[in-house]
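As stored in data_15.csv (CSV, C-alpha atoms and all ligand atoms):
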chain,number,residue,atom,x,y,z
A,1,MET,CA,0.0,0.0,0.0
A,2,SER,CA,1.4,3.4,-0.9
A,3,LEU,CA,0.8,6.2,1.7
A,4,GLU,CA,1.5,9.9,1.5
A,5,THR,CA,-0.2,11.2,4.6
A,6,VAL,CA,-0.9,9.3,7.8
A,7,LEU,CA,-2.9,10.6,10.7
A,8,VAL,CA,-1.5,9.7,14.2
A,9,VAL,CA,-3.9,9.9,17.1
A,10,GLY,CA,-2.2,9.9,20.5
A,11,ALA,CA,0.9,11.3,18.8
A,12,THR,CA,2.3,12.9,21.9
A,13,GLY,CA,2.1,9.6,23.9
A,14,HIS,CA,4.8,7.1,24.8
A,15,VAL,CA,4.2,5.0,21.7
A,16,GLY,CA,2.6,7.6,19.5
A,17,ARG,CA,5.7,9.8,19.4
A,18,LYS,CA,7.8,6.8,18.3
A,19,VAL,CA,5.2,6.1,15.5
A,20,VAL,CA,5.6,9.7,14.4
A,21,ALA,CA,9.4,9.2,14.3
A,22,VAL,CA,9.1,6.0,12.2
A,23,LEU,CA,6.8,7.7,9.7
A,24,GLN,CA,9.2,10.6,9.4
A,25,GLN,CA,12.2,8.3,8.8
A,26,ARG,CA,10.1,6.7,6.0
A,27,GLY,CA,9.4,10.0,4.4
A,28,VAL,CA,5.7,9.9,5.1
A,29,ALA,CA,3.8,13.2,5.9
A,30,VAL,CA,2.4,13.0,9.4
A,31,ARG,CA,-0.8,14.7,10.6
A,32,ALA,CA,-0.7,14.5,14.4
A,33,LEU,CA,-3.9,14.9,16.3
A,34,VAL,CA,-3.1,16.7,19.6
A,35,ARG,CA,-5.6,17.8,22.2
A,36,PRO,CA,-6.0,21.5,22.7
A,37,GLY,CA,-3.7,22.5,25.6
A,38,SER,CA,-1.3,19.5,25.2
A,39,ASP,CA,2.4,20.1,24.5
A,40,ALA,CA,3.3,19.0,20.9
A,41,SER,CA,6.9,20.2,21.0
A,42,ALA,CA,8.4,16.7,21.2
A,43,ILE,CA,6.8,15.7,17.8
A,44,GLU,CA,7.2,19.0,15.9
A,45,GLY,CA,9.6,18.7,13.0
A,46,PRO,CA,10.0,18.2,9.3
A,47,GLY,CA,6.9,16.6,7.7
A,48,VAL,CA,4.7,16.8,10.8
A,49,THR,CA,1.6,18.9,10.9
A,50,VAL,CA,-0.1,19.3,14.2
A,51,VAL,CA,-3.9,19.5,14.1
A,52,ARG,CA,-5.8,20.2,17.3
A,53,GLY,CA,-8.7,17.9,18.2
A,54,ASP,CA,-10.1,15.6,20.8
A,55,MET,CA,-11.5,12.0,20.6
A,56,MET,CA,-14.5,13.3,22.6
A,57,ASP,CA,-15.2,16.0,20.0
A,58,PRO,CA,-16.4,14.3,16.8
A,59,PRO,CA,-16.4,17.4,14.5
A,60,SER,CA,-12.7,17.9,15.3
A,61,LEU,CA,-12.1,14.3,14.2
A,62,ASP,CA,-13.7,14.9,10.8
A,63,ALA,CA,-11.2,17.7,10.2
A,64,ALA,CA,-8.3,15.5,11.3
A,65,PHE,CA,-9.3,12.6,9.0
A,66,ALA,CA,-9.9,14.8,5.9
A,67,GLY,CA,-7.6,13.7,3.0
A,68,VAL,CA,-5.4,11.3,4.9
A,69,ASP,CA,-4.5,7.9,3.4
A,70,ALA,CA,-4.3,6.0,6.7
A,71,ALA,CA,-4.6,6.5,10.4
A,72,ILE,CA,-2.8,5.0,13.4
A,73,SER,CA,-4.3,5.4,16.9
A,74,CYS,CA,-2.2,4.9,20.0
A,75,ALA,CA,-4.5,7.0,22.3
A,76,ALA,CA,-5.6,6.0,25.7
A,77,GLY,CA,-7.7,7.6,28.5
A,78,TYR,CA,-7.0,5.1,31.3
A,79,THR,CA,-3.3,6.1,31.4
A,80,LYS,CA,-4.5,9.4,32.8
A,81,ARG,CA,-2.2,11.9,31.4
A,82,ARG,CA,-4.6,14.5,32.7
A,83,LYS,CA,-6.3,14.2,36.1
A,84,SER,CA,-9.7,14.5,34.4
A,85,ASP,CA,-9.0,11.6,31.9
A,86,SER,CA,-11.0,8.4,32.4
A,87,SER,CA,-12.1,5.3,30.6
A,88,ASP,CA,-14.8,7.3,28.9
A,89,ILE,CA,-12.1,8.3,26.4
A,90,ASP,CA,-11.4,4.6,25.7
A,91,ARG,CA,-15.1,3.6,25.5
A,92,VAL,CA,-16.7,6.6,23.8
A,93,GLY,CA,-13.6,8.3,22.2
A,94,ASN,CA,-12.6,5.1,20.4
A,95,VAL,CA,-16.1,4.7,18.9
A,96,ASN,CA,-16.0,8.4,17.9
A,97,LEU,CA,-12.8,7.7,16.1
A,98,ALA,CA,-14.2,4.6,14.4
A,99,GLU,CA,-17.2,6.6,13.2
A,100,ALA,CA,-15.0,9.4,11.9
A,101,ALA,CA,-12.8,6.9,10.1
A,102,LYS,CA,-16.0,5.5,8.4
A,103,ARG,CA,-17.3,8.9,7.4
A,104,SER,CA,-13.9,9.9,6.0
A,105,GLY,CA,-13.5,6.7,3.9
A,106,VAL,CA,-9.9,6.4,5.1
A,107,GLY,CA,-8.1,3.5,3.4
A,108,ARG,CA,-6.6,1.9,6.5
A,109,TYR,CA,-7.1,2.3,10.2
A,110,VAL,CA,-4.5,0.8,12.6
A,111,LEU,CA,-5.6,0.5,16.2
A,112,ASN,CA,-3.0,0.1,19.0
A,113,SER,CA,-5.0,-2.5,20.9
A,114,ILE,CA,-4.1,-4.9,23.7
A,115,LEU,CA,-3.1,-8.6,23.6
A,116,GLN,CA,-6.1,-10.8,24.5
A,117,CYS,CA,-8.3,-7.8,25.1
A,118,ASP,CA,-11.4,-9.9,24.2
A,119,ASP,CA,-10.5,-12.7,26.7
A,120,ALA,CA,-10.0,-10.7,29.9
A,121,GLN,CA,-13.5,-10.1,31.1
A,122,GLY,CA,-13.7,-7.6,33.9
A,123,VAL,CA,-10.4,-5.8,33.1
A,124,GLN,CA,-11.9,-2.5,32.1
A,125,HIS,CA,-9.2,-1.2,29.8
A,126,PHE,CA,-9.1,-4.5,28.0
A,127,VAL,CA,-12.9,-4.6,27.5
A,128,ASP,CA,-12.8,-1.1,26.1
A,129,LYS,CA,-10.2,-2.1,23.5
A,130,ALA,CA,-12.2,-5.1,22.6
A,131,GLU,CA,-15.2,-2.8,22.1
A,132,ALA,CA,-13.1,-0.4,20.0
A,133,GLU,CA,-12.1,-3.4,17.7
A,134,ALA,CA,-15.8,-4.5,17.6
A,135,ALA,CA,-16.9,-1.0,16.6
A,136,LEU,CA,-14.4,-0.9,13.7
A,137,ARG,CA,-15.6,-4.3,12.5
A,138,ARG,CA,-19.3,-3.4,12.8
A,139,LEU,CA,-18.9,-0.2,10.9
A,140,GLY,CA,-16.9,-1.9,8.1
A,141,VAL,CA,-13.8,0.3,8.6
A,142,PRO,CA,-10.7,-1.3,6.9
A,143,PHE,CA,-8.9,-1.8,10.2
A,144,VAL,CA,-6.0,-3.8,11.6
A,145,ALA,CA,-5.8,-4.3,15.4
A,146,VAL,CA,-2.2,-4.6,16.6
A,147,ARG,CA,-2.2,-6.2,20.0
A,148,PRO,CA,1.0,-5.9,22.1
A,149,GLY,CA,1.8,-7.6,25.3
A,150,ALA,CA,3.0,-5.8,28.4
A,151,PHE,CA,5.5,-3.0,27.8
A,152,LEU,CA,9.0,-3.7,29.0
A,153,ASP,CA,9.5,0.0,28.9
A,154,GLN,CA,6.4,1.7,30.4
A,155,ALA,CA,6.2,5.5,30.0
A,156,ASP,CA,7.5,5.7,33.5
A,157,ASP,CA,10.1,2.9,33.2
A,158,PHE,CA,10.1,1.3,36.6
A,159,VAL,CA,11.9,-1.8,35.4
A,160,ALA,CA,14.9,0.3,34.3
A,161,ALA,CA,14.7,2.4,37.5
A,162,ASN,CA,14.9,-0.8,39.6
A,163,VAL,CA,17.7,-2.3,37.5
A,164,LYS,CA,19.7,0.9,38.0
A,165,LYS,CA,19.5,0.0,41.8
A,166,ASN,CA,20.4,-3.7,40.9
A,167,LYS,CA,16.8,-4.7,41.7
A,168,TYR,CA,14.1,-6.5,39.9
A,169,MET,CA,10.5,-6.2,41.0
A,170,GLY,CA,7.8,-8.5,39.6
A,171,MET,CA,4.1,-9.4,40.2
A,172,GLY,CA,2.6,-12.8,41.0
A,173,ASP,CA,5.2,-15.6,41.1
A,174,ALA,CA,8.8,-16.2,40.0
A,175,SER,CA,8.6,-19.1,37.6
A,176,ARG,CA,5.1,-20.6,37.2
A,177,THR,CA,3.3,-17.9,35.2
A,178,ARG,CA,4.6,-16.5,31.9
A,179,TRP,CA,3.3,-13.6,29.8
A,180,SER,CA,4.3,-11.8,26.7
A,181,TRP,CA,6.4,-8.6,26.6
A,182,THR,CA,6.9,-5.8,24.0
A,183,TYR,CA,9.5,-3.2,23.6
A,184,THR,CA,7.7,0.0,22.4
A,185,PRO,CA,10.1,1.0,19.6
A,186,ASP,CA,9.3,-2.4,18.0
A,187,LEU,CA,5.6,-1.8,18.5
A,188,ALA,CA,5.9,1.5,16.7
A,189,GLU,CA,7.5,-0.3,13.7
A,190,SER,CA,4.7,-3.0,13.8
A,191,LEU,CA,2.0,-0.3,13.8
A,192,VAL,CA,3.5,1.5,10.8
A,193,ASN,CA,4.1,-1.8,9.0
A,194,ALA,CA,0.4,-2.6,9.5
A,195,ALA,CA,-0.5,0.7,7.8
A,196,PHE,CA,1.6,-0.2,4.8
A,197,ALA,CA,0.8,-4.0,4.7
A,198,ASP,CA,-0.9,-5.8,1.9
A,199,GLU,CA,-4.8,-5.8,1.8
A,200,LYS,CA,-5.0,-9.3,3.3
A,201,ILE,CA,-4.2,-7.9,6.7
A,202,VAL,CA,-7.5,-5.9,6.8
A,203,GLY,CA,-9.8,-7.1,9.6
A,204,ARG,CA,-7.1,-9.1,11.3
A,205,THR,CA,-5.9,-8.9,14.9
A,206,VAL,CA,-2.1,-9.3,15.0
A,207,ASP,CA,-0.3,-10.0,18.3
A,208,VAL,CA,3.1,-8.4,19.1
A,209,GLY,CA,5.5,-10.2,21.5
A,210,TRP,CA,8.9,-11.8,21.3
A,211,SER,CA,9.7,-14.7,18.9
A,212,THR,CA,11.2,-16.6,21.8
A,213,GLY,CA,7.8,-16.6,23.5
A,214,PRO,CA,6.5,-15.4,26.9
A,215,LEU,CA,8.7,-15.1,30.0
A,216,SER,CA,8.2,-15.6,33.7
A,217,ASN,CA,9.5,-13.0,36.1
A,218,ALA,CA,12.6,-15.2,36.8
A,219,GLU,CA,13.3,-15.6,33.1
A,220,LEU,CA,13.0,-11.9,32.4
A,221,ALA,CA,15.1,-11.0,35.5
A,222,ASP,CA,17.8,-13.6,34.3
A,223,THR,CA,17.8,-12.2,30.8
A,224,ILE,CA,18.2,-8.6,32.1
A,225,ALA,CA,20.9,-9.7,34.6
A,226,SER,CA,22.8,-11.6,31.9
A,227,ILE,CA,22.7,-8.7,29.4
A,228,THR,CA,23.5,-5.9,31.9
A,229,HIS,CA,26.1,-8.1,33.8
A,230,ARG,CA,24.4,-7.3,37.1
A,231,THR,CA,23.3,-9.3,40.0
A,232,LEU,CA,19.6,-8.3,40.6
A,233,ALA,CA,17.9,-8.7,44.0
A,234,ARG,CA,14.4,-10.0,43.2
A,235,THR,CA,11.2,-9.0,44.9
A,236,ILE,CA,8.1,-10.7,43.7
A,237,VAL,CA,4.8,-9.4,45.1
A,238,PRO,CA,2.7,-12.6,45.6
A,239,TRP,CA,-0.7,-13.3,44.1
A,240,TRP,CA,-2.4,-13.2,47.5
A,241,VAL,CA,-1.2,-9.6,48.1
A,242,LEU,CA,-2.3,-8.5,44.7
A,243,LYS,CA,-5.7,-10.2,45.3
A,244,THR,CA,-6.1,-8.5,48.7
A,245,VAL,CA,-5.1,-5.0,47.5
A,246,THR,CA,-7.4,-5.4,44.4
A,247,ALA,CA,-10.3,-6.4,46.6
A,248,VAL,CA,-9.8,-3.8,49.4
A,249,VAL,CA,-8.3,-0.7,47.7
A,250,GLY,CA,-10.0,-1.6,44.5
A,251,THR,CA,-13.5,-1.0,46.0
A,252,PHE,CA,-12.8,2.7,46.1
A,253,ASN,CA,-10.0,3.2,43.6
A,254,HIS,CA,-11.0,2.3,40.1
A,255,ASP,CA,-7.4,2.4,38.7
A,256,VAL,CA,-6.1,0.0,41.4
A,257,ARG,CA,-9.0,-2.4,40.7
A,258,ASP,CA,-8.3,-2.3,36.9
A,259,LEU,CA,-4.5,-2.9,37.2
A,260,GLY,CA,-5.0,-5.5,39.9
A,261,LYS,CA,-7.6,-7.4,37.8
A,262,MET,CA,-5.2,-7.2,34.9
A,263,PHE,CA,-2.4,-9.0,36.8
A,264,LEU,CA,-4.8,-11.5,38.2
A,265,TYR,CA,-5.9,-12.2,34.6
A,266,PHE,CA,-2.2,-12.8,33.7
A,267,ARG,CA,-2.2,-15.5,36.2
A,268,HIS,CA,-4.3,-17.7,33.9
A,269,GLY,CA,-1.3,-17.9,31.6
A,270,ARG,CA,-3.3,-16.8,28.5
A,271,TYR,CA,-1.7,-13.4,28.1
A,272,VAL,CA,0.6,-14.9,25.4
A,273,ALA,CA,1.2,-13.6,21.9
A,274,ASP,CA,0.9,-15.9,18.9
A,275,ALA,CA,3.9,-14.8,16.8
A,276,ALA,CA,2.9,-16.6,13.6
A,277,LEU,CA,0.5,-14.0,12.1
A,278,HIS,CA,2.9,-11.2,12.8
A,279,GLU,CA,5.8,-13.1,11.2
A,280,ALA,CA,3.6,-13.9,8.1
A,281,LEU,CA,2.1,-10.4,7.6
A,282,LEU,CA,4.3,-7.9,9.4
A,283,GLY,CA,7.8,-9.5,9.4
A,284,PRO,CA,9.9,-11.1,12.1
A,285,LEU,CA,9.6,-10.3,15.8
A,286,PRO,CA,12.7,-9.8,18.0
A,287,THR,CA,14.0,-12.4,20.3
A,288,LYS,CA,14.0,-11.7,24.1
A,289,ASP,CA,17.8,-11.1,24.0
A,290,ASP,CA,17.6,-8.7,21.1
A,291,ALA,CA,14.8,-6.6,22.6
A,292,VAL,CA,16.2,-6.6,26.1
A,293,ARG,CA,19.7,-5.7,24.8
A,294,ARG,CA,18.4,-2.7,22.8
A,295,TRP,CA,16.3,-1.5,25.8
A,296,ALA,CA,19.2,-1.9,28.2
A,297,GLN,CA,21.5,0.1,25.8
A,298,ALA,CA,18.8,2.9,25.4
A,299,GLN,CA,18.4,3.0,29.2
A,300,GLY,CA,22.2,3.2,29.8
A,301,LEU,CA,22.0,-0.1,31.8
A,302,VAL,CA,24.8,-2.0,30.0
A,303,GLN,CA,27.9,-2.1,32.0
A,304,SER,CA,31.2,-3.1,30.4
A,305,ALA,CA,31.3,-6.8,29.9
A,306,PRO,CA,33.5,-8.9,32.2
A,307,LEU,CA,36.8,-10.2,30.7
A,308,GLY,CA,36.1,-12.9,28.2
A,309,VAL,CA,32.4,-11.9,27.7
A,310,ARG,CA,31.4,-10.0,24.6
B,1,LIG,N1,1.4,-0.1,28.9
B,1,LIG,C1,1.3,-1.3,28.4
B,1,LIG,O1,1.9,-2.3,29.0
B,1,LIG,C2,0.4,-1.6,27.2
B,1,LIG,C3,0.2,-2.9,26.8
B,1,LIG,C4,-0.6,-3.2,25.7
B,1,LIG,C5,-1.2,-2.1,25.0
B,1,LIG,N2,-1.0,-0.8,25.5
B,1,LIG,C6,-1.7,0.2,24.7
B,1,LIG,O2,-0.7,1.0,24.1
B,1,LIG,C7,-1.3,2.3,23.7
B,1,LIG,C8,-0.2,3.4,23.8
B,1,LIG,O3,0.1,3.5,25.2
B,1,LIG,P1,1.0,4.7,25.7
B,1,LIG,O4,1.8,4.2,26.9
B,1,LIG,O5,1.8,5.3,24.6
B,1,LIG,O6,-0.1,5.8,26.2
B,1,LIG,P2,0.2,7.3,26.7
B,1,LIG,O7,1.6,7.6,26.7
B,1,LIG,O8,-0.6,7.5,27.9
B,1,LIG,O9,-0.4,8.2,25.5
B,1,LIG,C9,-1.8,8.4,25.4
B,1,LIG,C10,-2.1,9.3,24.2
B,1,LIG,O10,-3.5,9.5,24.1
B,1,LIG,C11,-3.7,10.9,23.9
B,1,LIG,N3,-5.1,11.2,24.4
B,1,LIG,C12,-5.7,10.9,25.6
B,1,LIG,N4,-6.9,11.3,25.6
B,1,LIG,C13,-7.2,11.9,24.4
B,1,LIG,C14,-8.3,12.4,23.8
B,1,LIG,N5,-9.5,12.6,24.4
B,1,LIG,N6,-8.3,12.9,22.5
B,1,LIG,C15,-7.1,12.7,21.8
B,1,LIG,N7,-6.0,12.2,22.3
B,1,LIG,C16,-6.0,11.7,23.6
B,1,LIG,C17,-2.7,11.6,24.8
B,1,LIG,O11,-2.6,12.9,24.5
B,1,LIG,P3,-2.2,14.1,25.5
B,1,LIG,O12,-0.7,14.5,25.1
B,1,LIG,O13,-3.1,15.2,25.2
B,1,LIG,O14,-2.3,13.6,26.9
B,1,LIG,C18,-1.5,10.7,24.5
B,1,LIG,O15,-0.9,11.2,23.3
B,1,LIG,C19,-2.5,2.5,24.5
B,1,LIG,O16,-3.6,2.5,23.7
B,1,LIG,C20,-2.5,1.3,25.5
B,1,LIG,O17,-3.8,0.8,25.7
B,1,LIG,C21,-0.3,-0.6,26.6
Kindly present the structure from the file in structure tokens form.
Amino acid sequence: MSLETVLVVGATGHVGRKVVAVLQQRGVAVRALVRPGSDASAIEGPGVTVVRGDMMDPPSLDAAFAGVDAAISCAAGYTKRRKSDSSDIDRVGNVNLAEAAKRSGVGRYVLNSILQCDDAQGVQHFVDKAEAEAALRRLGVPFVAVRPGAFLDQADDFVAANVKKNKYMGMGDASRTRWSWTYTPDLAESLVNAAFADEKIVGRTVDVGWSTGPLSNAELADTIASITHRTLARTIVPWWVLKTVTAVVGTFNHDVRDLGKMFLYFRHGRYVADAALHEALLGPLPTKDDAVRRWAQAQGLVQSAPLGVR
């Protein structure tokens, strides 16, 4: 598919700004939808036009979609970049985007979704993504849902912050439960590749993880320790603590309930990416060692190798 202009929704976010950078590198003109009042300075540059709009304001979306060849949405409300943000943005805003995409007749709409979002009943931000996918399907928008596993590098990278102190903190158990991980620069590439991919990808949900499969906390900690040449003191918050906090604090704090339920869903062992479709339609996925090495280098975590180790 040949694309001249791509709309990026959530362009100022942790993933969105990487999507903008990938499109710039490929010489594609970017139209970045940014909320009024939000700082767009990090994405301003050659080939990027900032348009102001809001997922909760449908007329602003019509203006954003006008004349673009494709759209990539990495937006989220539950991440609460503003105090007033809520899951309304994920529930209502994503449907507003799907309807605007339909009205505009855009050729391709790529949704940054969530791995297994249609399986995790009761995890609100997963349910909202599943409904966003369903709205795109129902409206007949030519969409692709790209579904990453847990980010190794969250916007606030607590894994890196701990490793800097020679610590690793995980949730649940050390070795029994595995889930899939994603490094966000790789996700940005997958999202852009989905915009350019052959027509046969339309209507598909494509998982993003590592080609070497999911990892337990112990396996991830060992991989990080080996690549950074550190000894990491491990703390694993057990399931019973997660369950208690979710049940007690979660009764009055929606965010704690949502996050707690997400980890308790991980415990079922089904938060696992199927790499085959990605490999067939969007190209190879990285191995755990490759992704962790690039992350560690970007975070300045790689110490000089001991003698004899390269
Ligand atoms: N964290 C994980 O482990 C994980 C795993 C799987 C999938 N995901 C998904 O990955 C995606 C990207 O996550 P992220 O960490 O990059 O999110 P993020 O950094 O919180 O970025 C969210 C973006 O959405 C924008 N936004 C929020 N409300 C909006 C509205 N009403 N109208 C227009 N734009 C709005 C924000 O703009 P402002 O600058 O105006 O705030 C920001 O650009 C999310 O959809 C998330 O569900 C995350």
Task: ligand LIG 1 (chain B) neighbours within 6 Å using all atoms listed in the file, as a list of chain:residue names - done: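 Going residue by residue within 6 Å of ligand LIG 1 (chain B), we get A:Gly10, A:Ala11, A:Thr12, A:Gly13, A:His14, A:Val15, A:Gly16, A:Val34, A:Arg35, A:Ser38, A:Asp54, A:Met55, A:Met56, A:Cys74, A:Ala75, A:Ala76, A:Gly77, A:Thr79, A:Arg81, A:Ile89, A:Asn112, A:Ser113, A:Ile114, A:Pro148, A:Gly149, A:Ala150, A:Phe151, A:Gln154, A:Ala155.
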TODO: Could you give me, as a list in words, the residues that have an atom at most 8 Å away from the point (-5.4, -12.3, 16.5) in the coordinates of the file, using all atoms listed in the file?
DONE: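 The answer, in the requested form, is Arg147, Arg204, Thr205, Val206, Asp207, Asp274 and Leu277 of chain A.
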TODO: For each of A:Leu232, A:Val192, A:Val110, A:Val8, take the minimum atom-to-atom distance to Gln25 of chain A, counting only C-alpha atoms, then give the residue where this is smallest.
DONE: A:Val192
- [ ] Please check which residues have atoms at most 10 Å from (-2.2, -10.1, 45.2) in the file's coordinates, counting only C-alpha atoms, and write them as a list in words.
- [x]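 With a cut-off of 10 Å, the residues come to Met171, Gly172, Val237, Pro238, Trp239, Trp240, Val241, Leu242, Lys243, Thr244, Val245, Thr246, Ala247, Gly260, Lys261, Phe263 and Leu264 of chain A.
The spacing separating atom CA of Ala280 of chain A from atom CA of Glu199 of chain A amounts to 13.3 Å.
Candidate residues A:Leu139, A:Thr228, A:Val256, A:Val159 were compared for distance to Arg103 of chain A, and the nearest is A:Leu139, using all atoms listed in the file.
For the pair atom CA of Met169 of chain A and atom CA of Leu220 of chain A, the separation is 10.6 Å.
Minimum atom-to-atom distances from A:Leu136, A:Val20, A:Ile224, A:Ala218 to Ala42 of chain A were compared using all atoms listed in the file, and the lowest value belongs to A:Val20.
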Open item on the list: Quick one: residues within 7 Å of segment 91-101 of chain A, all atoms listed in the file, excluding same-chain residues fewer than 2 positions away - as a VMD selection string?
Closed with: chain A and resid 55 to 56 58 61 to 62 65 87 to 89 103 to 106 128 132 135 to 136 141
Open item on the list: Please list as an MDAnalysis selection string every residue within 8 Å of Thr287 of chain A, counting all atoms listed in the file and excluding residues in the same chain fewer than 5 positions away.
Closed with: chainID A and resid 210:212
Could the residues in this selection be saved with C-alpha atoms as an mmCIF file, in the frame of the given file?
data_model
loop_
_atom_site.group_PDB
_atom_site.id
_atom_site.type_symbol
_atom_site.label_atom_id
_atom_site.label_comp_id
_atom_site.auth_asym_id
_atom_site.auth_seq_id
_atom_site.Cartn_x
_atom_site.Cartn_y
_atom_site.Cartn_z
ATOM 1 C CA TRP A 210 8.900 -11.800 21.300
ATOM 2 C CA SER A 211 9.700 -14.700 18.900
ATOM 3 C CA THR A 212 11.200 -16.600 21.800
#
Open item on the list: So the first atom is atom CA of Lys200 of chain A and the second is atom CA of Ala188 of chain A; what is the distance between them in Å, to one decimal place?
Closed with: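 We find that atom CA of Lys200 of chain A and atom CA of Ala188 of chain A lie 20.4 Å from each other.
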Task: Selection: 6 Å around Leu33 of chain A, only C-alpha atoms, excl. self and same-chain fewer than 5 positions, as a list in words - done: Val9, Val51, Arg52 and Gly53 of chain A
